[in-house]
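protein03.cif follows (mmCIF, C-alpha atoms, pLDDT in the B column; chains and numbers go by the auth columns):
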```
data_input
loop_
_atom_site.group_PDB
_atom_site.id
_atom_site.type_symbol
_atom_site.label_atom_id
_atom_site.label_comp_id
_atom_site.label_asym_id
_atom_site.label_seq_id
_atom_site.Cartn_x
_atom_site.Cartn_y
_atom_site.Cartn_z
_atom_site.B_iso_or_equiv
_atom_site.auth_seq_id
_atom_site.auth_asym_id
ATOM 1 C CA MET A 1 -108.659 97.027 23.609 50.00 1124 A
ATOM 2 C CA LYS A 2 -110.975 98.886 21.272 54.00 1125 A
ATOM 3 C CA ASN A 3 -114.638 98.023 21.334 56.00 1126 A
ATOM 4 C CA LYS A 4 -115.888 96.365 18.127 56.00 1127 A
ATOM 5 C CA ARG A 5 -119.400 97.410 17.178 62.00 1128 A
ATOM 6 C CA ALA A 6 -121.634 94.679 15.707 65.00 1129 A
ATOM 7 C CA PHE A 7 -125.062 94.825 14.108 64.00 1130 A
ATOM 8 C CA THR A 8 -127.915 94.498 16.512 75.00 1131 A
ATOM 9 C CA LEU A 9 -130.587 91.853 15.996 69.00 1132 A
ATOM 10 C CA ALA A 10 -133.081 94.569 15.107 72.00 1133 A
ATOM 11 C CA GLU A 11 -130.798 95.968 12.397 64.00 1134 A
ATOM 12 C CA VAL A 12 -130.295 92.497 10.919 67.00 1135 A
ATOM 13 C CA LEU A 13 -134.036 91.848 10.861 73.00 1136 A
ATOM 14 C CA ILE A 14 -134.743 95.216 9.228 78.00 1137 A
ATOM 15 C CA THR A 15 -132.113 94.531 6.562 71.00 1138 A
ATOM 16 C CA LEU A 16 -133.506 91.075 5.865 70.00 1139 A
ATOM 17 C CA GLY A 17 -136.987 92.558 5.656 76.00 1140 A
ATOM 18 C CA ILE A 18 -135.865 95.111 3.077 75.00 1141 A
ATOM 19 C CA ILE A 19 -134.148 92.395 1.051 66.00 1142 A
ATOM 20 C CA GLY A 20 -137.307 90.317 1.199 69.00 1143 A
ATOM 21 C CA VAL A 21 -139.479 93.192 -0.038 67.00 1144 A
ATOM 22 C CA VAL A 22 -137.113 93.940 -2.915 59.00 1145 A
ATOM 23 C CA ALA A 23 -136.984 90.246 -3.849 52.00 1146 A
ATOM 24 C CA ALA A 24 -140.772 89.982 -3.752 58.00 1147 A
ATOM 25 C CA MET A 25 -141.028 92.955 -6.095 59.00 1148 A
ATOM 26 C CA THR A 26 -138.394 91.849 -8.596 56.00 1149 A
ATOM 27 C CA LEU A 27 -138.652 88.049 -8.586 46.00 1150 A
ATOM 28 C CA PRO A 28 -141.961 87.830 -10.532 57.00 1151 A
ATOM 29 C CA THR A 29 -140.500 90.053 -13.256 57.00 1152 A
ATOM 30 C CA LEU A 30 -137.377 87.937 -13.479 50.00 1153 A
ATOM 31 C CA VAL A 31 -139.431 84.734 -13.625 57.00 1154 A
ATOM 32 C CA ASN A 32 -141.721 86.156 -16.338 70.00 1155 A
ATOM 33 C CA ASN A 33 -138.769 87.395 -18.377 74.00 1156 A
ATOM 34 C CA SER A 34 -137.139 83.983 -18.178 78.00 1157 A
ATOM 35 C CA ARG A 35 -140.394 82.279 -19.166 87.00 1158 A
ATOM 36 C CA ASN A 36 -140.925 84.669 -22.068 88.00 1159 A
ATOM 37 C CA GLN A 37 -137.460 84.078 -23.443 92.00 1160 A
ATOM 38 C CA GLU A 38 -137.969 80.332 -23.187 95.00 1161 A
ATOM 39 C CA CYS A 39 -141.255 80.629 -25.103 96.00 1162 A
ATOM 40 C CA ARG A 40 -139.607 82.866 -27.690 96.00 1163 A
ATOM 41 C CA ALA A 41 -136.893 80.292 -28.283 96.00 1164 A
ATOM 42 C CA GLY A 42 -139.561 77.594 -28.475 97.00 1165 A
ATOM 43 C CA LEU A 43 -141.449 79.566 -31.119 98.00 1166 A
ATOM 44 C CA LYS A 44 -138.327 79.837 -33.262 98.00 1167 A
ATOM 45 C CA THR A 45 -137.733 76.095 -32.942 98.00 1168 A
ATOM 46 C CA GLY A 46 -141.360 75.235 -33.642 98.00 1169 A
ATOM 47 C CA TYR A 47 -141.490 77.531 -36.674 98.00 1170 A
ATOM 48 C CA ALA A 48 -138.333 75.914 -38.036 98.00 1171 A
ATOM 49 C CA LEU A 49 -139.740 72.407 -37.563 98.00 1172 A
ATOM 50 C CA ILE A 50 -143.047 73.241 -39.250 98.00 1173 A
ATOM 51 C CA SER A 51 -141.292 75.037 -42.112 98.00 1174 A
ATOM 52 C CA ALA A 52 -138.944 72.084 -42.608 98.00 1175 A
ATOM 53 C CA ALA A 53 -141.900 69.699 -42.755 98.00 1176 A
ATOM 54 C CA ILE A 54 -143.582 71.833 -45.433 98.00 1177 A
ATOM 55 C CA THR A 55 -140.333 71.980 -47.430 98.00 1178 A
ATOM 56 C CA LYS A 56 -139.908 68.182 -47.226 98.00 1179 A
ATOM 57 C CA MET A 57 -143.489 67.646 -48.357 98.00 1180 A
ATOM 58 C CA GLN A 58 -142.818 69.807 -51.388 97.00 1181 A
ATOM 59 C CA ALA A 59 -139.593 67.913 -52.104 97.00 1182 A
ATOM 60 C CA ASP A 60 -141.572 64.671 -51.988 98.00 1183 A
ATOM 61 C CA GLU A 61 -143.971 66.225 -54.500 95.00 1184 A
ATOM 62 C CA LEU A 62 -146.777 66.300 -51.975 97.00 1185 A
ATOM 63 C CA SER A 63 -149.053 69.299 -52.223 96.00 1186 A
ATOM 64 C CA THR A 64 -148.872 71.983 -49.568 97.00 1187 A
ATOM 65 C CA ARG A 65 -151.721 73.927 -51.163 96.00 1188 A
ATOM 66 C CA SER A 66 -154.378 74.160 -48.493 95.00 1189 A
ATOM 67 C CA GLY A 67 -157.234 73.588 -50.917 95.00 1190 A
ATOM 68 C CA ASP A 68 -155.870 70.210 -51.993 96.00 1191 A
ATOM 69 C CA TYR A 69 -156.780 68.518 -48.704 96.00 1192 A
ATOM 70 C CA ALA A 70 -160.306 67.388 -47.945 94.00 1193 A
ATOM 71 C CA SER A 71 -161.724 67.861 -44.481 93.00 1194 A
ATOM 72 C CA ARG A 72 -159.480 66.343 -41.772 91.00 1195 A
ATOM 73 C CA GLN A 73 -157.122 64.720 -44.282 94.00 1196 A
ATOM 74 C CA PHE A 74 -154.062 66.924 -43.782 96.00 1197 A
ATOM 75 C CA THR A 75 -152.930 65.730 -40.340 95.00 1198 A
ATOM 76 C CA SER A 76 -152.239 62.122 -41.337 93.00 1199 A
ATOM 77 C CA VAL A 77 -149.904 63.332 -44.095 96.00 1200 A
ATOM 78 C CA PHE A 78 -148.283 66.180 -42.191 97.00 1201 A
ATOM 79 C CA ARG A 79 -147.406 64.303 -39.005 95.00 1202 A
ATOM 80 C CA ASP A 80 -145.240 61.818 -40.928 96.00 1203 A
ATOM 81 C CA TYR A 81 -142.659 64.599 -41.278 97.00 1204 A
ATOM 82 C CA PHE A 82 -141.991 64.841 -37.554 97.00 1205 A
ATOM 83 C CA LYS A 83 -140.390 62.719 -34.880 95.00 1206 A
ATOM 84 C CA LEU A 84 -143.310 61.880 -32.623 94.00 1207 A
ATOM 85 C CA SER A 85 -143.299 61.038 -28.950 91.00 1208 A
ATOM 86 C CA ASN A 86 -144.791 57.777 -27.781 83.00 1209 A
ATOM 87 C CA LYS A 87 -147.899 59.852 -27.085 72.00 1210 A
ATOM 88 C CA GLY A 88 -148.177 60.751 -30.759 69.00 1211 A
ATOM 89 C CA GLY A 89 -151.190 60.009 -32.861 71.00 1212 A
ATOM 90 C CA ASN A 90 -154.201 62.237 -32.809 77.00 1213 A
ATOM 91 C CA TYR A 91 -156.571 63.455 -30.175 76.00 1214 A
ATOM 92 C CA GLN A 92 -159.354 60.992 -30.957 74.00 1215 A
ATOM 93 C CA ASP A 93 -157.108 58.181 -29.704 70.00 1216 A
ATOM 94 C CA CYS A 94 -156.183 59.904 -26.473 68.00 1217 A
ATOM 95 C CA VAL A 95 -158.030 59.896 -23.166 63.00 1218 A
ATOM 96 C CA ASP A 96 -155.438 61.978 -21.283 70.00 1219 A
ATOM 97 C CA ASN A 97 -156.447 65.630 -21.579 70.00 1220 A
ATOM 98 C CA THR A 98 -153.227 66.741 -19.904 78.00 1221 A
ATOM 99 C CA VAL A 99 -151.515 65.848 -23.200 89.00 1222 A
ATOM 100 C CA PHE A 100 -153.988 67.047 -25.806 92.00 1223 A
ATOM 101 C CA ILE A 101 -155.988 70.242 -26.040 92.00 1224 A
ATOM 102 C CA THR A 102 -159.636 69.607 -25.253 89.00 1225 A
ATOM 103 C CA THR A 103 -161.960 69.954 -28.256 86.00 1226 A
ATOM 104 C CA GLU A 104 -165.538 69.071 -29.096 76.00 1227 A
ATOM 105 C CA ASN A 105 -164.527 65.536 -30.093 63.00 1228 A
ATOM 106 C CA SER A 106 -162.407 64.744 -27.044 59.00 1229 A
ATOM 107 C CA LYS A 107 -163.570 61.606 -25.257 57.00 1230 A
ATOM 108 C CA ASN A 108 -163.346 62.881 -21.695 60.00 1231 A
ATOM 109 C CA ASN A 109 -164.749 66.373 -21.947 60.00 1232 A
ATOM 110 C CA PRO A 110 -166.832 67.236 -25.001 63.00 1233 A
ATOM 111 C CA SER A 111 -166.461 71.003 -25.161 81.00 1234 A
ATOM 112 C CA ASP A 112 -165.368 73.773 -27.513 89.00 1235 A
ATOM 113 C CA TYR A 113 -163.186 75.283 -24.781 93.00 1236 A
ATOM 114 C CA ASP A 114 -160.183 74.139 -22.786 93.00 1237 A
ATOM 115 C CA GLU A 115 -160.013 75.197 -19.142 92.00 1238 A
ATOM 116 C CA ASP A 116 -156.212 74.944 -19.176 95.00 1239 A
ATOM 117 C CA TYR A 117 -155.734 77.567 -21.908 97.00 1240 A
ATOM 118 C CA MET A 118 -156.366 81.312 -21.818 98.00 1241 A
ATOM 119 C CA THR A 119 -156.699 84.011 -24.458 98.00 1242 A
ATOM 120 C CA PHE A 120 -153.968 86.617 -24.920 97.00 1243 A
ATOM 121 C CA SER A 121 -155.718 89.017 -22.549 97.00 1244 A
ATOM 122 C CA LYS A 122 -156.343 86.193 -20.047 96.00 1245 A
ATOM 123 C CA SER A 123 -160.021 87.146 -20.110 95.00 1246 A
ATOM 124 C CA ALA A 124 -161.435 83.747 -21.150 96.00 1247 A
ATOM 125 C CA ASN A 125 -160.639 80.167 -22.018 96.00 1248 A
ATOM 126 C CA ILE A 126 -159.724 79.724 -25.668 97.00 1249 A
ATOM 127 C CA TYR A 127 -162.168 78.553 -28.310 95.00 1250 A
ATOM 128 C CA THR A 128 -160.693 75.298 -29.581 94.00 1251 A
ATOM 129 C CA LYS A 129 -162.660 74.696 -32.784 92.00 1252 A
ATOM 130 C CA PHE A 130 -159.564 75.853 -34.683 94.00 1253 A
ATOM 131 C CA LEU A 131 -157.507 73.060 -33.089 95.00 1254 A
ATOM 132 C CA ASP A 132 -159.763 70.064 -33.504 91.00 1255 A
ATOM 133 C CA ASP A 133 -158.835 68.357 -36.791 92.00 1256 A
ATOM 134 C CA GLY A 134 -155.885 66.344 -35.521 92.00 1257 A
ATOM 135 C CA GLN A 135 -153.324 66.780 -32.768 94.00 1258 A
ATOM 136 C CA PHE A 136 -149.979 65.111 -32.136 94.00 1259 A
ATOM 137 C CA VAL A 137 -147.058 65.446 -29.722 94.00 1260 A
ATOM 138 C CA LEU A 138 -143.480 65.767 -30.949 96.00 1261 A
ATOM 139 C CA ALA A 139 -140.538 63.956 -29.446 95.00 1262 A
ATOM 140 C CA ASN A 140 -139.372 67.255 -27.902 96.00 1263 A
ATOM 141 C CA GLY A 141 -142.722 67.663 -26.126 95.00 1264 A
ATOM 142 C CA MET A 142 -144.233 70.286 -28.398 97.00 1265 A
ATOM 143 C CA LEU A 143 -147.913 69.842 -29.250 96.00 1266 A
ATOM 144 C CA ILE A 144 -149.254 70.501 -32.755 97.00 1267 A
ATOM 145 C CA ALA A 145 -152.961 70.998 -33.490 96.00 1268 A
ATOM 146 C CA ILE A 146 -154.550 71.296 -36.931 96.00 1269 A
ATOM 147 C CA GLU A 147 -157.629 73.037 -38.323 96.00 1270 A
ATOM 148 C CA ASN A 148 -158.649 71.433 -41.633 95.00 1271 A
ATOM 149 C CA LYS A 149 -162.406 71.171 -41.701 87.00 1272 A
ATOM 150 C CA GLU A 150 -163.419 73.463 -44.549 84.00 1273 A
ATOM 151 C CA PRO A 151 -161.026 73.552 -47.528 86.00 1274 A
ATOM 152 C CA PRO A 152 -159.072 75.655 -48.329 93.00 1275 A
ATOM 153 C CA THR A 153 -158.542 76.491 -44.638 94.00 1276 A
ATOM 154 C CA ILE A 154 -155.567 74.915 -42.889 98.00 1277 A
ATOM 155 C CA TYR A 155 -154.245 76.340 -39.627 98.00 1278 A
ATOM 156 C CA ILE A 156 -151.267 74.807 -37.836 98.00 1279 A
ATOM 157 C CA SER A 157 -150.987 75.680 -34.149 98.00 1280 A
ATOM 158 C CA ILE A 158 -148.150 74.721 -31.832 98.00 1281 A
ATOM 159 C CA ASP A 159 -147.852 74.761 -28.058 98.00 1282 A
ATOM 160 C CA VAL A 160 -144.102 75.225 -27.833 98.00 1283 A
ATOM 161 C CA ASN A 161 -143.710 73.738 -24.347 96.00 1284 A
ATOM 162 C CA GLY A 162 -146.595 71.268 -24.315 95.00 1285 A
ATOM 163 C CA LYS A 163 -149.891 71.379 -22.478 95.00 1286 A
ATOM 164 C CA ALA A 164 -148.479 70.242 -19.142 93.00 1287 A
ATOM 165 C CA ARG A 165 -146.327 73.380 -18.837 94.00 1288 A
ATOM 166 C CA LYS A 166 -147.708 76.853 -18.260 94.00 1289 A
ATOM 167 C CA PRO A 167 -148.613 79.515 -19.127 95.00 1290 A
ATOM 168 C CA ASN A 168 -150.847 77.997 -21.848 97.00 1291 A
ATOM 169 C CA ILE A 169 -151.762 81.368 -23.345 98.00 1292 A
ATOM 170 C CA TRP A 170 -152.501 81.993 -27.020 98.00 1293 A
ATOM 171 C CA GLY A 171 -149.749 84.346 -28.114 98.00 1294 A
ATOM 172 C CA VAL A 172 -147.279 83.397 -25.362 98.00 1295 A
ATOM 173 C CA ASP A 173 -146.649 79.662 -25.737 98.00 1296 A
ATOM 174 C CA LEU A 174 -149.418 78.732 -28.187 98.00 1297 A
ATOM 175 C CA PHE A 175 -148.987 80.062 -31.733 98.00 1298 A
ATOM 176 C CA THR A 176 -150.850 79.649 -35.006 98.00 1299 A
ATOM 177 C CA PHE A 177 -149.681 79.548 -38.628 98.00 1300 A
ATOM 178 C CA GLN A 178 -151.729 79.432 -41.811 98.00 1301 A
ATOM 179 C CA LEU A 179 -151.046 77.256 -44.825 98.00 1302 A
ATOM 180 C CA MET A 180 -152.093 79.389 -47.770 97.00 1303 A
ATOM 181 C CA GLU A 181 -153.811 78.396 -50.991 96.00 1304 A
ATOM 182 C CA ASN A 182 -150.514 78.832 -52.866 96.00 1305 A
ATOM 183 C CA GLY A 183 -148.725 76.427 -50.521 97.00 1306 A
ATOM 184 C CA ARG A 184 -146.858 79.047 -48.486 97.00 1307 A
ATOM 185 C CA LEU A 185 -146.698 78.888 -44.709 98.00 1308 A
ATOM 186 C CA LEU A 186 -147.343 82.242 -43.018 98.00 1309 A
ATOM 187 C CA PRO A 187 -147.452 83.189 -39.339 98.00 1310 A
ATOM 188 C CA MET A 188 -150.990 84.194 -38.435 98.00 1311 A
ATOM 189 C CA GLY A 189 -151.245 87.962 -38.326 98.00 1312 A
ATOM 190 C CA ALA A 190 -149.137 88.435 -41.459 98.00 1313 A
ATOM 191 C CA ASP A 191 -150.694 90.208 -44.432 97.00 1314 A
ATOM 192 C CA GLY A 192 -153.025 87.875 -46.271 97.00 1315 A
ATOM 193 C CA THR A 193 -153.804 85.588 -43.331 98.00 1316 A
ATOM 194 C CA ASP A 194 -157.322 85.233 -41.978 97.00 1317 A
ATOM 195 C CA TYR A 195 -156.786 86.926 -38.599 98.00 1318 A
ATOM 196 C CA LEU A 196 -154.918 90.192 -38.072 98.00 1319 A
ATOM 197 C CA GLU A 197 -153.686 92.093 -35.034 96.00 1320 A
ATOM 198 C CA ASP A 198 -155.446 95.263 -36.208 95.00 1321 A
ATOM 199 C CA ASP A 199 -158.773 93.430 -36.083 96.00 1322 A
ATOM 200 C CA GLY A 200 -158.386 92.749 -32.369 95.00 1323 A
ATOM 201 C CA TYR A 201 -156.957 89.236 -32.468 98.00 1324 A
ATOM 202 C CA CYS A 202 -153.746 90.137 -30.615 98.00 1325 A
ATOM 203 C CA ASP A 203 -155.104 92.628 -28.109 97.00 1326 A
ATOM 204 C CA PRO A 204 -153.951 92.789 -24.460 96.00 1327 A
ATOM 205 C CA PHE A 205 -157.486 93.918 -23.583 95.00 1328 A
ATOM 206 C CA GLY A 206 -159.447 91.984 -26.198 96.00 1329 A
ATOM 207 C CA GLU A 207 -162.479 89.905 -25.283 95.00 1330 A
ATOM 208 C CA SER A 208 -162.574 87.522 -28.264 96.00 1331 A
ATOM 209 C CA ASP A 209 -162.286 83.857 -27.335 96.00 1332 A
ATOM 210 C CA ILE A 210 -159.636 83.448 -30.052 97.00 1333 A
ATOM 211 C CA ASN A 211 -157.700 86.556 -28.990 98.00 1334 A
ATOM 212 C CA GLY A 212 -154.021 85.697 -29.472 98.00 1335 A
ATOM 213 C CA ILE A 213 -154.435 83.727 -32.687 98.00 1336 A
ATOM 214 C CA ALA A 214 -152.953 86.649 -34.670 98.00 1337 A
ATOM 215 C CA CYS A 215 -149.950 87.284 -32.402 98.00 1338 A
ATOM 216 C CA THR A 216 -147.580 84.919 -34.200 98.00 1339 A
ATOM 217 C CA ALA A 217 -146.327 87.309 -36.886 98.00 1340 A
ATOM 218 C CA LYS A 218 -145.505 90.006 -34.339 97.00 1341 A
ATOM 219 C CA ALA A 219 -143.946 87.532 -31.919 98.00 1342 A
ATOM 220 C CA ILE A 220 -141.558 86.438 -34.671 97.00 1343 A
ATOM 221 C CA SER A 221 -140.666 89.831 -36.124 96.00 1344 A
ATOM 222 C CA ASP A 222 -140.913 92.367 -33.290 95.00 1345 A
ATOM 223 C CA ASP A 223 -138.380 92.234 -30.428 90.00 1346 A
ATOM 224 C CA SER A 224 -140.513 94.564 -28.312 93.00 1347 A
ATOM 225 C CA TYR A 225 -143.358 92.054 -28.330 96.00 1348 A
ATOM 226 C CA TRP A 226 -141.687 89.900 -25.713 95.00 1349 A
ATOM 227 C CA LYS A 227 -140.896 92.850 -23.481 88.00 1350 A
ATOM 228 C CA ASN A 228 -144.488 94.042 -23.324 84.00 1351 A
ATOM 229 C CA LEU A 229 -146.507 90.891 -22.802 87.00 1352 A
ATOM 230 C CA PRO A 230 -149.652 91.380 -20.689 72.00 1353 A
#
```

Hey, can you dump this file as structure tokens for me?
Amino acid sequence: MKNKRAFTLAEVLITLGIIGVVAAMTLPTLVNNSRNQECRAGLKTGYALISAAITKMQADELSTRSGDYASRQFTSVFRDYFKLSNKGGNYQDCVDNTVFITTENSKNNPSDYDEDYMTFSKSANIYTKFLDDGQFVLANGMLIAIENKEPPTIYISIDVNGKARKPNIWGVDLFTFQLMENGRLLPMGADGTDYLEDDGYCDPFGESDINGIACTAKAISDDSYWKNLP
């Protein structure tokens, strides 16, 4: 009978070790790519929902001109055009900061920053003054936050997978739109909006505490954006 050669224990362990090293090197990339594609799909869905709400408001002959809403009056009108979760409402009514983004008026933690959210460069916690004029949770778990303190400024931000799910980074799963004086909805970073990428508000190395606010336009229009996230 011919001798049949088998792998030695050492050879098996070496092979498993090599597989483990390769997996350790590639798995984080695969996980990040999967996460990024999920956030990209969430942005498309969130943009569609916000746009549909604006269109319905116009059809109901309600103004979408940003200057027509006094301070903190927009949210109560706007949220009626969404299906809300049972955690809907606005942040003043909520004591669970895992649901709502912490702002200066939050009951539990009066602060202008939220420790659960990072800027686009991951260099600091985000400045939340642009999110503090009403927040509500949609039935699909998305979180919308409004800035409407000084007319004619209205910003609409959306965390596309909710606060409880990571990465909670402005420009990755948190995106901002601007309602313009003429009633149009534009992704922040588009020409005419208040914050632009070229001014350092979508910079992988930027130090601004609102860095990421201007990433929305590029995230929507540029396929390479999602392949080159920091």

Determine, counting all atoms listed in the file, which protein, DNA and RNA residues have an atom within 8 Å of an atom of Ser1280 (chain A); residues of the same chain fewer than 4 positions away are not included. Present the result as a PyMOL selection string.
chain A and resi 1254+1267-1269+1297-1300

For the provided coordinates, the residues matched by the PyMOL selection byres ((chain A and resi 1292) around 12) should be stated as a PyMOL selection string.
chain A and resi 1159+1162+1237-1250+1281-1286+1288-1291+1293-1299+1325+1327+1332-1336+1338+1352-1353

Taking all atoms listed in the file into account, name the residue in A:Ala1342, A:Met1311, A:Tyr1278, A:Phe1205 that is nearest to Phe1259 (chain A).
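Ranked by minimum distance to Phe1259 (chain A), first place goes to A:Phe1205.
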
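Going from CA of Met1303 (chain A) over to CA of Met1265 (chain A), you cover 22.8 Å.
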
Considering only C-alpha atoms, can you say which of A:Ala1337, A:Pro1274, A:Asp1314, A:Gly1257 comes closest to Ser1189 (chain A)?
A:Pro1274

Considering only C-alpha atoms, can you say which of A:Trp1349, A:Lys1179, A:Glu1330, A:Lys1341 comes closest to Arg1202 (chain A)?
A:Lys1179

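The space separating CA of Gly1165 (chain A) from CA of Tyr1204 (chain A) comes to 18.5 Å.
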
Sorted by chain and rising residue number, list the residues of region 1244-1301 of chain A at most 6 Å from region 1206-1210 of chain A (counting only C-alpha atoms), each with its closest atom pair and distance in Å to one decimal, as a Markdown table.
```
| residue | atom | partner | partner_atom | distance |
| --- | --- | --- | --- | --- |
| A:Val1260 | CA | A:Ser1208 | CA | 5.8 |
| A:Leu1261 | CA | A:Leu1207 | CA | 4.2 |
| A:Ala1262 | CA | A:Ser1208 | CA | 4.0 |
```

From A:Asn1155, A:Leu1308, A:Gly1315, A:Gly1329, residue lying nearest Ile1173 (chain A) [all atoms listed in the file]
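The answer is A:Leu1308, which sits nearest to Ile1173 (chain A).
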
Taking every listed atom of region 1230-1249 of chain A and adding 8 Å to each side, what centre and edge lengths in Å (one decimal) does the axis-aligned box have, as JSON?
```
{"center_x": -160.4, "center_y": 75.3, "center_z": -23.3, "size_x": 28.9, "size_y": 43.4, "size_z": 24.4}
```

Atom pair CA of Phe1328 (chain A) / CA of Pro1310 (chain A): separation (Å):
21.5 Å

Any chance you could work out the residue set of the PyMOL selection byres ((chain A and resi 1221) around 7) here, as a PyMOL selection string?
chain A and resi 1219-1220+1222-1223+1286-1287

Residues returned when the PyMOL selection byres ((chain A and resi 1196) around 12) runs on this file, as a list in words:
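So the PyMOL selection byres ((chain A and resi 1196) around 12) ends up selecting Ser1189, Gly1190, Asp1191, Tyr1192, Ala1193, Ser1194, Arg1195, Phe1197, Thr1198, Ser1199, Val1200, Phe1201, Arg1202, Asp1256, Gly1257, Ile1269, Glu1270, Asn1271, Lys1272, Glu1273, Pro1274, Pro1275, Thr1276 and Ile1277 of chain A.
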
For Glu1320 (chain A), the nearest of the candidates A:Asn1263, A:Asn1305, A:Thr1339, A:Thr1131, counting only C-alpha atoms:
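Closest to Glu1320 (chain A) of all the choices is A:Thr1339.
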
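Nearest residue to Gln1181 (chain A), choosing from A:Ser1347, A:Asp1235, A:Asp1322, A:Gly1306 and counting all atoms listed in the file: A:Gly1306.
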